[in-house]
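Shown here: query.csv, CSV, C-alpha atoms.
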chain,number,residue,atom,x,y,z
A,1,MET,CA,18.0,-15.5,-14.2
A,2,ASN,CA,18.4,-11.8,-13.6
A,3,GLU,CA,15.4,-10.8,-11.4
A,4,LYS,CA,16.2,-7.2,-11.9
A,5,ALA,CA,14.4,-7.4,-15.2
A,6,LEU,CA,11.1,-7.7,-13.1
A,7,TRP,CA,11.8,-4.4,-11.5
A,8,LYS,CA,11.3,-2.7,-14.9
A,9,LEU,CA,7.6,-3.7,-14.8
A,10,SER,CA,5.4,-0.8,-13.9
A,11,TYR,CA,2.8,-0.8,-11.1
A,12,GLY,CA,0.4,1.5,-9.4
A,13,LEU,CA,-0.5,1.7,-5.8
A,14,TYR,CA,-4.1,1.1,-4.7
A,15,VAL,CA,-6.3,0.4,-1.6
A,16,VAL,CA,-8.4,-2.7,-2.2
A,17,SER,CA,-11.3,-3.0,0.3
A,18,THR,CA,-14.1,-5.3,1.1
A,19,ARG,CA,-16.8,-6.1,3.6
A,20,TYR,CA,-18.2,-9.3,5.1
A,21,GLY,CA,-21.0,-8.9,7.6
A,22,SER,CA,-20.0,-6.0,10.0
A,23,GLU,CA,-16.3,-6.4,9.2
A,24,LEU,CA,-14.7,-3.7,6.9
A,25,ASN,CA,-11.1,-4.0,5.8
A,26,GLY,CA,-8.7,-2.9,3.1
A,27,GLN,CA,-5.1,-3.2,2.1
A,28,VAL,CA,-2.6,-1.6,-0.1
A,29,ALA,CA,-2.1,-3.6,-3.4
A,30,ASN,CA,0.0,-2.9,-6.4
A,31,THR,CA,-1.2,-5.7,-8.7
A,32,VAL,CA,-4.5,-4.3,-10.0
A,33,PHE,CA,-4.9,-4.3,-13.7
A,34,GLN,CA,-7.6,-4.2,-16.4
A,35,ILE,CA,-7.9,-7.4,-18.5
A,36,THR,CA,-10.9,-6.8,-20.8
A,37,ALA,CA,-12.8,-3.7,-22.1
A,38,GLU,CA,-16.2,-5.3,-23.1
A,39,PRO,CA,-17.3,-6.1,-20.5
A,40,ILE,CA,-14.9,-4.2,-18.3
A,41,LYS,CA,-13.0,-6.7,-16.0
A,42,VAL,CA,-10.0,-6.2,-13.7
A,43,ALA,CA,-7.8,-8.6,-11.7
A,44,VAL,CA,-6.2,-8.1,-8.3
A,45,ALA,CA,-3.7,-10.4,-6.5
A,46,LEU,CA,-3.9,-10.7,-2.7
A,47,ASN,CA,-1.7,-12.6,-0.4
A,48,LYS,CA,-3.6,-15.5,1.3
A,49,ASN,CA,-2.4,-14.5,4.7
A,50,ASN,CA,-4.0,-11.1,4.6
A,51,TYR,CA,-7.3,-10.3,6.3
A,52,THR,CA,-8.7,-8.6,3.2
A,53,HIS,CA,-8.1,-11.9,1.3
A,54,GLU,CA,-10.0,-13.8,4.0
A,55,LEU,CA,-13.0,-11.5,3.8
A,56,LEU,CA,-13.0,-11.2,0.0
A,57,LYS,CA,-13.1,-15.0,-0.3
A,58,LYS,CA,-16.5,-14.8,1.5
A,59,SER,CA,-17.9,-11.5,0.2
A,60,LYS,CA,-17.0,-11.8,-3.5
A,61,VAL,CA,-17.1,-8.0,-3.9
A,62,PHE,CA,-14.4,-5.3,-3.5
A,63,SER,CA,-13.5,-1.8,-4.3
A,64,VAL,CA,-10.3,-0.3,-5.7
A,65,SER,CA,-9.2,3.2,-4.7
A,66,ILE,CA,-6.6,4.7,-6.9
A,67,LEU,CA,-4.2,6.7,-4.8
A,68,GLU,CA,-2.9,10.1,-5.7
A,69,LYS,CA,0.8,10.9,-5.8
A,70,GLU,CA,0.6,13.0,-2.7
A,71,THR,CA,-0.8,10.3,-0.5
A,72,PRO,CA,0.9,10.5,2.9
A,73,MET,CA,3.0,7.7,4.2
A,74,SER,CA,0.8,7.4,7.3
A,75,LEU,CA,-2.1,6.3,5.2
A,76,ILE,CA,0.0,3.8,3.2
A,77,GLY,CA,1.3,2.5,6.6
A,78,THR,CA,-2.2,2.0,8.0
A,79,PHE,CA,-3.4,0.0,5.0
A,80,GLY,CA,-0.1,-1.6,4.0
A,81,PHE,CA,1.6,-2.5,7.2
A,82,LYS,CA,-1.1,-3.0,9.8
A,83,SER,CA,-3.5,-5.9,10.1
A,84,GLY,CA,-7.3,-5.5,10.1
A,85,ARG,CA,-7.3,-8.4,12.6
A,86,GLU,CA,-5.9,-5.9,15.1
A,87,ILE,CA,-7.1,-2.5,14.2
A,88,LYS,CA,-10.2,-0.8,12.5
A,89,LYS,CA,-8.5,0.7,9.5
A,90,PHE,CA,-11.4,2.8,8.4
A,91,GLU,CA,-12.0,4.5,11.8
A,92,ASN,CA,-9.9,7.7,11.1
A,93,VAL,CA,-10.1,8.0,7.3
A,94,LYS,CA,-12.7,9.4,4.8
A,95,TYR,CA,-14.7,6.7,3.1
A,96,LYS,CA,-18.1,5.9,1.8
A,97,MET,CA,-20.2,2.8,1.2
A,98,GLY,CA,-20.7,1.6,-2.3
A,99,GLY,CA,-23.8,0.3,-3.9
A,100,SER,CA,-22.5,-3.3,-3.4
A,101,GLY,CA,-22.0,-2.7,0.3
A,102,VAL,CA,-18.2,-2.4,0.3
A,103,PRO,CA,-16.2,0.5,1.8
A,104,ILE,CA,-14.5,2.9,-0.7
A,105,LEU,CA,-11.6,4.9,0.5
A,106,ILE,CA,-12.0,8.5,-0.9
A,107,GLU,CA,-9.3,10.2,1.1
A,108,HIS,CA,-6.3,10.8,-1.2
A,109,ALA,CA,-8.1,8.8,-4.0
A,110,LEU,CA,-8.3,10.0,-7.6
A,111,ALA,CA,-10.9,7.5,-8.6
A,112,SER,CA,-12.5,4.2,-7.5
A,113,LEU,CA,-13.9,1.0,-8.9
A,114,GLU,CA,-16.5,-1.4,-7.5
A,115,CYS,CA,-16.1,-5.0,-8.6
A,116,GLU,CA,-17.8,-8.4,-8.4
A,117,VAL,CA,-15.6,-11.5,-8.4
A,118,GLU,CA,-16.3,-13.9,-11.2
A,119,THR,CA,-13.2,-16.2,-11.1
A,120,GLU,CA,-10.5,-17.0,-8.5
A,121,VAL,CA,-7.1,-18.4,-9.6
A,122,ASP,CA,-4.8,-20.0,-7.0
A,123,VAL,CA,-1.3,-18.8,-7.9
A,124,GLY,CA,0.6,-20.1,-4.8
A,125,SER,CA,1.2,-17.5,-2.1
A,126,HIS,CA,-1.6,-15.3,-3.7
A,127,THR,CA,-5.1,-15.6,-5.1
A,128,LEU,CA,-5.8,-13.8,-8.4
A,129,PHE,CA,-9.4,-12.4,-8.2
A,130,VAL,CA,-10.9,-11.7,-11.7
A,131,ALA,CA,-13.8,-9.4,-11.4
A,132,LYS,CA,-16.4,-7.5,-13.4
A,133,VAL,CA,-16.5,-3.7,-12.8
A,134,ILE,CA,-20.0,-2.7,-11.7
A,135,ASN,CA,-19.3,1.0,-11.0
A,136,ALA,CA,-16.5,3.5,-11.4
A,137,GLU,CA,-16.1,7.1,-10.2
A,138,VAL,CA,-13.6,9.9,-10.7
A,139,TYR,CA,-13.1,12.3,-7.7
A,140,LYS,CA,-10.5,14.7,-9.0
A,141,GLU,CA,-7.7,15.1,-11.5
A,142,GLY,CA,-4.1,14.4,-10.6
A,143,GLU,CA,-1.2,12.1,-10.9
A,144,PRO,CA,-1.7,8.5,-9.6
A,145,MET,CA,0.9,7.1,-7.1
A,146,THR,CA,3.2,4.6,-8.8
A,147,TYR,CA,5.0,1.8,-7.1
A,148,ASP,CA,8.3,3.2,-8.4
A,149,TYR,CA,7.6,6.7,-7.0
A,150,TYR,CA,6.6,5.2,-3.6
A,151,HIS,CA,9.8,3.2,-3.5
A,152,GLN,CA,12.3,5.7,-4.9
A,153,ILE,CA,10.9,9.1,-3.8
A,154,LYS,CA,8.8,8.3,-0.7
A,155,ARG,CA,11.5,5.7,0.3
A,156,GLY,CA,8.8,3.2,1.2
A,157,SER,CA,9.6,-0.4,2.1
A,158,VAL,CA,7.9,-3.5,0.8
A,159,PRO,CA,5.7,-5.7,2.9
A,160,LYS,CA,6.7,-9.4,3.1
A,161,THR,CA,3.3,-10.3,1.6
A,162,ALA,CA,3.9,-8.2,-1.6
A,163,PRO,CA,3.8,-10.2,-4.9
A,164,MET,CA,7.3,-9.1,-5.9
A,165,ALA,CA,10.7,-8.2,-4.4
A,166,MET,CA,12.2,-4.7,-4.9
A,167,GLU,CA,15.7,-3.6,-4.6
A,168,VAL,CA,16.6,-2.3,-1.1
A,169,PRO,CA,18.1,1.2,-1.3
A,170,LYS,CA,21.9,1.1,-1.4
A,171,LYS,CA,23.6,1.9,1.8
A,172,GLU,CA,25.5,5.2,1.4
A,173,TYR,CA,25.8,6.4,4.9
A,174,LYS,CA,24.1,5.9,8.3
A,175,LYS,CA,20.6,4.9,7.5
A,176,TYR,CA,18.1,3.4,10.0
A,177,ARG,CA,15.5,0.7,9.5
A,178,CYS,CA,12.2,0.4,11.5
A,179,ARG,CA,12.2,-3.1,13.1
A,180,ILE,CA,8.4,-3.1,13.0
A,181,CYS,CA,7.6,-2.4,9.3
A,182,GLY,CA,11.0,-2.2,7.5
A,183,TYR,CA,10.8,1.5,6.6
A,184,ILE,CA,14.2,3.0,6.0
A,185,TYR,CA,15.1,6.5,7.2
A,186,ASP,CA,17.5,8.1,4.8
A,187,PRO,CA,19.1,11.3,6.2
A,188,GLU,CA,19.7,12.4,2.6
A,189,LYS,CA,15.9,12.5,2.0
A,190,GLY,CA,14.7,13.4,5.5
A,191,ASP,CA,11.0,13.1,6.2
A,192,PRO,CA,9.4,16.1,4.5
A,193,GLU,CA,5.8,15.1,5.4
A,194,ALA,CA,6.8,15.4,9.1
A,195,GLY,CA,8.8,18.6,8.6
A,196,ILE,CA,12.2,16.9,8.7
A,197,PRO,CA,14.4,18.5,6.0
A,198,PRO,CA,16.9,16.6,3.9
A,199,ASP,CA,20.4,16.0,5.4
A,200,THR,CA,19.0,15.5,8.9
A,201,PRO,CA,20.9,12.8,10.7
A,202,PHE,CA,18.9,10.2,12.5
A,203,GLU,CA,20.5,11.2,15.8
A,204,GLU,CA,19.1,14.8,15.3
A,205,LEU,CA,15.5,13.7,14.8
A,206,PRO,CA,13.1,14.9,17.6
A,207,GLU,CA,12.5,12.3,20.3
A,208,ASP,CA,8.8,12.3,19.5
A,209,TRP,CA,9.4,11.6,15.8
A,210,VAL,CA,7.7,8.3,14.7
A,211,CYS,CA,7.9,6.0,11.7
A,212,PRO,CA,6.0,7.5,8.8
A,213,LEU,CA,4.6,4.1,7.9
A,214,CYS,CA,3.6,2.3,11.1
A,215,GLY,CA,3.9,5.0,13.8
A,216,ALA,CA,6.6,3.1,15.7
A,217,PRO,CA,8.8,5.3,18.0
A,218,LYS,CA,12.4,6.3,17.2
A,219,SER,CA,13.6,3.6,19.6
A,220,ALA,CA,12.2,1.0,17.2
A,221,PHE,CA,14.9,1.8,14.6
A,222,GLU,CA,18.2,0.1,14.1
A,223,GLU,CA,21.2,1.2,12.2
A,224,LEU,CA,21.9,-0.5,8.9
Starting from the coordinates I provided, produce the structure as C-alpha coordinates.
Amino acid sequence: MNEKALWKLSYGLYVVSTRYGSELNGQVANTVFQITAEPIKVAVALNKNNYTHELLKKSKVFSVSILEKETPMSLIGTFGFKSGREIKKFENVKYKMGGSGVPILIEHALASLECEVETEVDVGSHTLFVAKVINAEVYKEGEPMTYDYYHQIKRGSVPKTAPMAMEVPKKEYKKYRCRICGYIYDPEKGDPEAGIPPDTPFEELPEDWVCPLCGAPKSAFEEL
(Lines of atoms letter the chains of each structure in order from A and count residues from 1; the text may use other names and numbers.)
(Lines give C-alpha, C1' and ligand atoms only; values in the text may rest on other atoms or scores of the structure.)
Protein backbone atom coordinates (compact mmCIF):
# COMPACT_ATOMS: atom_id res chain seq x y z
CA MET A 1 0.00 0.00 0.00
CA ASN A 2 1.31 3.43 -0.94
CA GLU A 3 0.42 5.70 2.02
CA LYS A 4 1.44 8.76 0.00
CA ALA A 5 -2.00 8.56 -1.59
CA LEU A 6 -3.43 9.73 1.76
CA TRP A 7 -1.32 12.89 1.60
CA LYS A 8 -3.43 14.01 -1.35
CA LEU A 9 -6.52 14.35 0.86
CA SER A 10 -7.14 17.98 1.77
CA TYR A 11 -7.63 19.28 5.31
CA GLY A 12 -8.19 22.56 7.08
CA LEU A 13 -6.70 23.71 10.37
CA TYR A 14 -9.02 24.53 13.27
CA VAL A 15 -9.09 25.07 17.02
CA VAL A 16 -11.65 22.83 18.73
CA SER A 17 -12.56 24.04 22.23
CA THR A 18 -14.76 22.93 25.08
CA ARG A 19 -15.54 23.60 28.72
CA TYR A 20 -16.39 21.38 31.65
CA GLY A 21 -17.01 23.11 34.96
CA SER A 22 -14.35 25.79 35.36
CA GLU A 23 -11.95 24.10 32.94
CA LEU A 24 -11.52 25.65 29.49
CA ASN A 25 -9.39 23.97 26.88
CA GLY A 26 -8.85 23.75 23.15
CA GLN A 27 -6.62 22.04 20.64
CA VAL A 28 -5.63 22.25 17.01
CA ALA A 29 -7.50 19.75 14.85
CA ASN A 30 -7.50 19.12 11.12
CA THR A 31 -10.26 16.53 10.85
CA VAL A 32 -13.38 18.68 11.08
CA PHE A 33 -15.91 18.21 8.30
CA GLN A 34 -19.58 18.74 7.50
CA ILE A 35 -21.57 15.54 7.06
CA THR A 36 -25.18 16.71 6.54
CA ALA A 37 -26.95 19.92 5.47
CA GLU A 38 -30.45 19.45 6.95
CA PRO A 39 -29.98 19.51 9.85
CA ILE A 40 -26.42 20.82 9.72
CA LYS A 41 -24.06 18.34 11.34
CA VAL A 42 -20.28 18.13 11.53
CA ALA A 43 -17.82 15.57 12.80
CA VAL A 44 -14.47 16.02 14.51
CA ALA A 45 -11.84 13.43 15.42
CA LEU A 46 -9.85 13.91 18.64
CA ASN A 47 -7.08 11.78 20.08
CA LYS A 48 -8.12 9.98 23.26
CA ASN A 49 -4.96 11.12 25.08
CA ASN A 50 -5.72 14.81 24.63
CA TYR A 51 -7.17 16.90 27.45
CA THR A 52 -9.78 18.41 25.11
CA HIS A 53 -11.02 14.88 24.41
CA GLU A 54 -11.30 14.21 28.14
CA LEU A 55 -13.35 17.34 28.74
CA LEU A 56 -15.53 16.90 25.66
CA LYS A 57 -16.51 13.38 26.71
CA LYS A 58 -18.08 15.02 29.75
CA SER A 59 -19.40 18.31 28.39
CA LYS A 60 -20.86 17.11 25.05
CA VAL A 61 -20.50 20.63 23.57
CA PHE A 62 -17.66 22.23 21.64
CA SER A 63 -16.73 25.08 19.34
CA VAL A 64 -14.74 25.09 16.12
CA SER A 65 -12.71 28.18 15.21
CA ILE A 66 -11.68 28.26 11.55
CA LEU A 67 -8.16 29.69 11.41
CA GLU A 68 -7.04 32.23 8.84
CA LYS A 69 -4.04 31.68 6.59
CA GLU A 70 -2.04 34.33 8.48
CA THR A 71 -2.35 32.59 11.85
CA PRO A 72 1.05 32.85 13.61
CA MET A 73 2.95 29.71 14.47
CA SER A 74 2.99 30.75 18.13
CA LEU A 75 -0.79 30.37 18.38
CA ILE A 76 -0.69 27.00 16.60
CA GLY A 77 2.10 25.97 18.96
CA THR A 78 0.04 26.88 22.03
CA PHE A 79 -3.05 24.96 20.94
CA GLY A 80 -1.28 22.18 19.05
CA PHE A 81 1.82 21.27 21.04
CA LYS A 82 1.09 22.22 24.65
CA SER A 83 -1.20 20.39 27.05
CA GLY A 84 -4.11 22.02 28.80
CA ARG A 85 -3.22 19.85 31.79
CA GLU A 86 -0.14 22.03 32.24
CA ILE A 87 -1.08 25.51 30.98
CA LYS A 88 -4.15 27.73 30.64
CA LYS A 89 -4.34 28.06 26.86
CA PHE A 90 -6.90 30.86 26.81
CA GLU A 91 -5.04 33.20 29.18
CA ASN A 92 -3.28 35.28 26.53
CA VAL A 93 -5.58 35.02 23.50
CA LYS A 94 -8.80 36.73 22.43
CA TYR A 95 -11.87 34.58 22.93
CA LYS A 96 -15.52 34.81 23.89
CA MET A 97 -17.99 32.48 25.57
CA GLY A 98 -20.68 30.99 23.35
CA GLY A 99 -24.32 30.53 24.21
CA SER A 100 -23.64 26.90 25.09
CA GLY A 101 -20.95 27.93 27.59
CA VAL A 102 -17.92 26.92 25.53
CA PRO A 103 -14.97 29.19 24.77
CA ILE A 104 -14.64 30.34 21.17
CA LEU A 105 -11.24 31.47 19.92
CA ILE A 106 -11.75 34.64 17.86
CA GLU A 107 -8.11 35.64 17.46
CA HIS A 108 -7.04 34.87 13.87
CA ALA A 109 -10.37 33.13 13.25
CA LEU A 110 -12.43 33.68 10.11
CA ALA A 111 -15.54 32.03 11.51
CA SER A 112 -16.75 29.70 14.25
CA LEU A 113 -19.29 26.98 14.97
CA GLU A 114 -20.94 25.87 18.19
CA CYS A 115 -21.89 22.22 18.32
CA GLU A 116 -23.74 19.71 20.50
CA VAL A 117 -22.52 16.11 20.38
CA GLU A 118 -25.13 13.59 19.30
CA THR A 119 -23.03 10.49 18.60
CA GLU A 120 -19.59 9.21 19.51
CA VAL A 121 -17.75 6.62 17.45
CA ASP A 122 -14.69 4.83 18.79
CA VAL A 123 -12.17 4.61 15.94
CA GLY A 124 -9.17 3.28 17.83
CA SER A 125 -6.69 6.00 18.83
CA HIS A 126 -9.36 8.66 18.27
CA THR A 127 -13.02 9.30 18.99
CA LEU A 128 -15.18 10.67 16.19
CA PHE A 129 -17.67 13.14 17.65
CA VAL A 130 -20.73 13.71 15.44
CA ALA A 131 -22.52 16.91 16.40
CA LYS A 132 -25.39 19.23 15.51
CA VAL A 133 -24.39 22.82 14.73
CA ILE A 134 -26.41 25.11 17.00
CA ASN A 135 -24.79 28.42 16.02
CA ALA A 136 -22.37 29.75 13.41
CA GLU A 137 -20.72 33.14 12.97
CA VAL A 138 -18.45 34.79 10.39
CA TYR A 139 -15.94 37.35 11.69
CA LYS A 140 -14.12 38.45 8.56
CA GLU A 141 -13.29 37.52 5.01
CA GLY A 142 -10.02 35.82 4.13
CA GLU A 143 -8.38 32.57 3.17
CA PRO A 144 -8.59 29.71 5.67
CA MET A 145 -5.43 27.96 6.78
CA THR A 146 -5.04 24.56 5.13
CA TYR A 147 -3.04 21.69 6.51
CA ASP A 148 -0.98 21.61 3.34
CA TYR A 149 -0.13 25.32 3.62
CA TYR A 150 0.83 24.87 7.28
CA HIS A 151 3.07 21.95 6.42
CA GLN A 152 4.66 23.20 3.18
CA ILE A 153 4.86 26.98 3.68
CA LYS A 154 4.81 27.46 7.43
CA ARG A 155 7.10 24.40 7.79
CA GLY A 156 4.98 23.15 10.66
CA SER A 157 5.50 19.71 12.15
CA VAL A 158 2.83 17.15 13.03
CA PRO A 159 1.92 16.21 16.62
CA LYS A 160 2.18 12.53 17.49
CA THR A 161 -1.55 12.58 18.28
CA ALA A 162 -2.55 13.75 14.79
CA PRO A 163 -4.85 11.37 12.85
CA MET A 164 -2.48 11.01 9.89
CA ALA A 165 1.19 10.96 9.04
CA MET A 166 2.67 13.58 6.75
CA GLU A 167 5.91 13.53 4.86
CA VAL A 168 8.88 15.01 6.73
CA PRO A 169 10.58 17.74 4.67
CA LYS A 170 13.48 16.33 2.67
CA LYS A 171 16.92 17.03 4.09
CA GLU A 172 18.72 19.34 1.68
CA TYR A 173 21.29 21.02 3.91
CA LYS A 174 21.77 21.72 7.60
CA LYS A 175 18.33 21.80 9.15
CA TYR A 176 17.55 21.64 12.85
CA ARG A 177 14.67 20.00 14.72
CA CYS A 178 13.20 21.12 18.03
CA ARG A 179 13.50 18.23 20.49
CA ILE A 180 10.41 19.46 22.33
CA CYS A 181 7.78 19.71 19.58
CA GLY A 182 9.46 18.51 16.38
CA TYR A 183 9.41 21.86 14.53
CA ILE A 184 12.07 21.92 11.79
CA TYR A 185 14.06 25.08 11.19
CA ASP A 186 14.92 25.31 7.51
CA PRO A 187 17.54 27.99 6.70
CA GLU A 188 16.13 28.24 3.18
CA LYS A 189 12.82 29.47 4.62
CA GLY A 190 14.06 31.32 7.70
CA ASP A 191 11.46 32.45 10.24
CA PRO A 192 9.69 35.46 8.66
CA GLU A 193 7.26 35.88 11.57
CA ALA A 194 10.24 36.46 13.90
CA GLY A 195 12.04 38.69 11.41
CA ILE A 196 14.48 35.98 10.32
CA PRO A 197 14.93 36.23 6.54
CA PRO A 198 15.37 33.23 4.20
CA ASP A 199 18.89 31.81 3.83
CA THR A 200 19.75 32.43 7.49
CA PRO A 201 21.87 29.52 8.84
CA PHE A 202 20.83 28.17 12.21
CA GLU A 203 24.21 29.17 13.64
CA GLU A 204 23.48 32.83 12.82
CA LEU A 205 20.13 32.96 14.59
CA PRO A 206 20.06 35.35 17.58
CA GLU A 207 20.70 33.63 20.89
CA ASP A 208 17.30 34.75 22.16
CA TRP A 209 15.48 33.20 19.18
CA VAL A 210 12.90 30.61 20.24
CA CYS A 211 10.96 27.85 18.51
CA PRO A 212 7.97 29.40 16.69
CA LEU A 213 5.75 26.50 17.79
CA CYS A 214 6.52 25.75 21.43
CA GLY A 215 8.79 28.60 22.52
CA ALA A 216 11.74 26.32 23.33
CA PRO A 217 15.17 28.00 23.29
CA LYS A 218 17.72 27.62 20.52
CA SER A 219 19.62 25.11 22.69
CA ALA A 220 16.68 22.69 22.41
CA PHE A 221 17.38 22.15 18.70
CA GLU A 222 19.41 19.34 17.18
CA GLU A 223 20.92 19.03 13.73
CA LEU A 224 19.18 16.65 11.35
Near-range 130-143 of chain A list (12 Å; only C-alpha atoms; drop same-chain fewer than 4 positions) as a ChimeraX atom specification: /A:12-13,31-46,56,60-71,98-100,102,104-122,149
re CA of Cys211 in chain A and CA of Arg177 in chain A: distance 9.5 Å
Report, in Å to a single decimal, how far apart CA of Gly215 in chain A and CA of Ser74 in chain A are. 7.6 Å
Restricting to all atoms listed in the file, whichever of A:Leu55, A:Cys181, A:Ala194, A:Val28 is closest to Cys214 in chain A is A:Cys181
Between CA of Thr200 in chain A and CA of Glu188 in chain A, what is the distance in Å, rounded to a tenth?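 Separation of CA of Thr200 in chain A and CA of Glu188 in chain A: 7.1 Å.
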Smallest atom-to-atom distance to Lys48 in chain A: which of A:Thr127, A:Asn25, A:Thr78, A:Ser219, using all atoms listed in the file? A:Thr127
For Pro217 in chain A, which of A:Ser22, A:Ile180, A:Ser10, A:Phe129 is the closest residue, counting only C-alpha atoms?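 Closest candidate: A:Ile180.
Take the candidates A:Pro72, A:Gly101, A:Gly26, A:Gly124 and check each one against Gly84 in chain A using all atoms listed in the file; the shortest distance goes to A:Gly26.
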Local residues around (23.7, 1.4, 15.8), at most 12 Å away, using all atoms listed in the file, as a ChimeraX atom specification: /A:174-177,202-203,219-224
A:Tyr11, A:Leu205, A:Gln27, A:Ala5 ranked by distance to Lys82 in chain A, top pick (using only C-alpha atoms): A:Gln27
Find the spatial neighbours of Leu75 in chain A, counting all atoms listed in the file, within a cut-off of 9 Å - ignore same-chain residues fewer than 6 positions away - and output them as a PyMOL selection string. chain A and resi 93+108+212-213
Keeping just N, CA and C atoms, export range 194-215 of chain A of this structure as a PDB file, in the first residue's frame.
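This is the output file result.pdb:
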ATOM      1  N   ALA A 194       9.338  35.959  12.852  1.00  0.00           N
ATOM      2  CA  ALA A 194      10.237  36.457  13.896  1.00  0.00           C
ATOM      3  C   ALA A 194      11.277  37.414  13.316  1.00  0.00           C
ATOM      4  N   GLY A 195      11.102  37.779  12.039  1.00  0.00           N
ATOM      5  CA  GLY A 195      12.037  38.692  11.413  1.00  0.00           C
ATOM      6  C   GLY A 195      13.316  38.042  10.917  1.00  0.00           C
ATOM      7  N   ILE A 196      13.316  36.704  10.812  1.00  0.00           N
ATOM      8  CA  ILE A 196      14.483  35.980  10.322  1.00  0.00           C
ATOM      9  C   ILE A 196      14.302  35.739   8.824  1.00  0.00           C
ATOM     10  N   PRO A 197      15.116  36.361   7.985  1.00  0.00           N
ATOM     11  CA  PRO A 197      14.934  36.231   6.535  1.00  0.00           C
ATOM     12  C   PRO A 197      15.369  34.866   6.015  1.00  0.00           C
ATOM     13  N   PRO A 198      14.915  34.489   4.823  1.00  0.00           N
ATOM     14  CA  PRO A 198      15.373  33.232   4.205  1.00  0.00           C
ATOM     15  C   PRO A 198      16.885  33.229   4.070  1.00  0.00           C
ATOM     16  N   ASP A 199      17.439  32.011   3.972  1.00  0.00           N
ATOM     17  CA  ASP A 199      18.890  31.806   3.829  1.00  0.00           C
ATOM     18  C   ASP A 199      19.672  32.263   5.053  1.00  0.00           C
ATOM     19  N   THR A 200      19.047  32.149   6.233  1.00  0.00           N
ATOM     20  CA  THR A 200      19.751  32.429   7.490  1.00  0.00           C
ATOM     21  C   THR A 200      20.142  31.114   8.154  1.00  0.00           C
ATOM     22  N   PRO A 201      21.438  30.778   8.189  1.00  0.00           N
ATOM     23  CA  PRO A 201      21.870  29.523   8.839  1.00  0.00           C
ATOM     24  C   PRO A 201      21.459  29.494  10.302  1.00  0.00           C
ATOM     25  N   PHE A 202      21.233  28.316  10.810  1.00  0.00           N
ATOM     26  CA  PHE A 202      20.834  28.168  12.211  1.00  0.00           C
ATOM     27  C   PHE A 202      21.861  28.795  13.140  1.00  0.00           C
ATOM     28  N   GLU A 203      23.143  28.661  12.795  1.00  0.00           N
ATOM     29  CA  GLU A 203      24.211  29.174  13.644  1.00  0.00           C
ATOM     30  C   GLU A 203      24.163  30.698  13.770  1.00  0.00           C
ATOM     31  N   GLU A 204      23.534  31.365  12.804  1.00  0.00           N
ATOM     32  CA  GLU A 204      23.478  32.826  12.822  1.00  0.00           C
ATOM     33  C   GLU A 204      22.198  33.375  13.445  1.00  0.00           C
ATOM     34  N   LEU A 205      21.341  32.492  13.912  1.00  0.00           N
ATOM     35  CA  LEU A 205      20.129  32.962  14.590  1.00  0.00           C
ATOM     36  C   LEU A 205      20.501  33.653  15.902  1.00  0.00           C
ATOM     37  N   PRO A 206      19.773  34.697  16.295  1.00  0.00           N
ATOM     38  CA  PRO A 206      20.060  35.348  17.583  1.00  0.00           C
ATOM     39  C   PRO A 206      19.941  34.347  18.723  1.00  0.00           C
ATOM     40  N   GLU A 207      20.714  34.559  19.754  1.00  0.00           N
ATOM     41  CA  GLU A 207      20.702  33.627  20.885  1.00  0.00           C
ATOM     42  C   GLU A 207      19.363  33.623  21.618  1.00  0.00           C
ATOM     43  N   ASP A 208      18.605  34.710  21.492  1.00  0.00           N
ATOM     44  CA  ASP A 208      17.299  34.750  22.164  1.00  0.00           C
ATOM     45  C   ASP A 208      16.162  34.271  21.259  1.00  0.00           C
ATOM     46  N   TRP A 209      16.514  33.762  20.071  1.00  0.00           N
ATOM     47  CA  TRP A 209      15.484  33.199  19.176  1.00  0.00           C
ATOM     48  C   TRP A 209      14.891  31.954  19.821  1.00  0.00           C
ATOM     49  N   VAL A 210      13.575  31.778  19.654  1.00  0.00           N
ATOM     50  CA  VAL A 210      12.904  30.611  20.235  1.00  0.00           C
ATOM     51  C   VAL A 210      12.096  29.898  19.162  1.00  0.00           C
ATOM     52  N   CYS A 211      11.764  28.652  19.439  1.00  0.00           N
ATOM     53  CA  CYS A 211      10.965  27.853  18.514  1.00  0.00           C
ATOM     54  C   CYS A 211       9.619  28.525  18.260  1.00  0.00           C
ATOM     55  N   PRO A 212       9.241  28.739  17.004  1.00  0.00           N
ATOM     56  CA  PRO A 212       7.969  29.398  16.692  1.00  0.00           C
ATOM     57  C   PRO A 212       6.752  28.634  17.180  1.00  0.00           C
ATOM     58  N   LEU A 213       6.899  27.314  17.371  1.00  0.00           N
ATOM     59  CA  LEU A 213       5.753  26.505  17.788  1.00  0.00           C
ATOM     60  C   LEU A 213       5.596  26.412  19.293  1.00  0.00           C
ATOM     61  N   CYS A 214       6.659  26.029  19.989  1.00  0.00           N
ATOM     62  CA  CYS A 214       6.517  25.750  21.430  1.00  0.00           C
ATOM     63  C   CYS A 214       7.276  26.718  22.320  1.00  0.00           C
ATOM     64  N   GLY A 215       8.068  27.625  21.717  1.00  0.00           N
ATOM     65  CA  GLY A 215       8.793  28.598  22.519  1.00  0.00           C
ATOM     66  C   GLY A 215      10.059  28.076  23.161  1.00  0.00           C
TER      67      GLY A 215
END
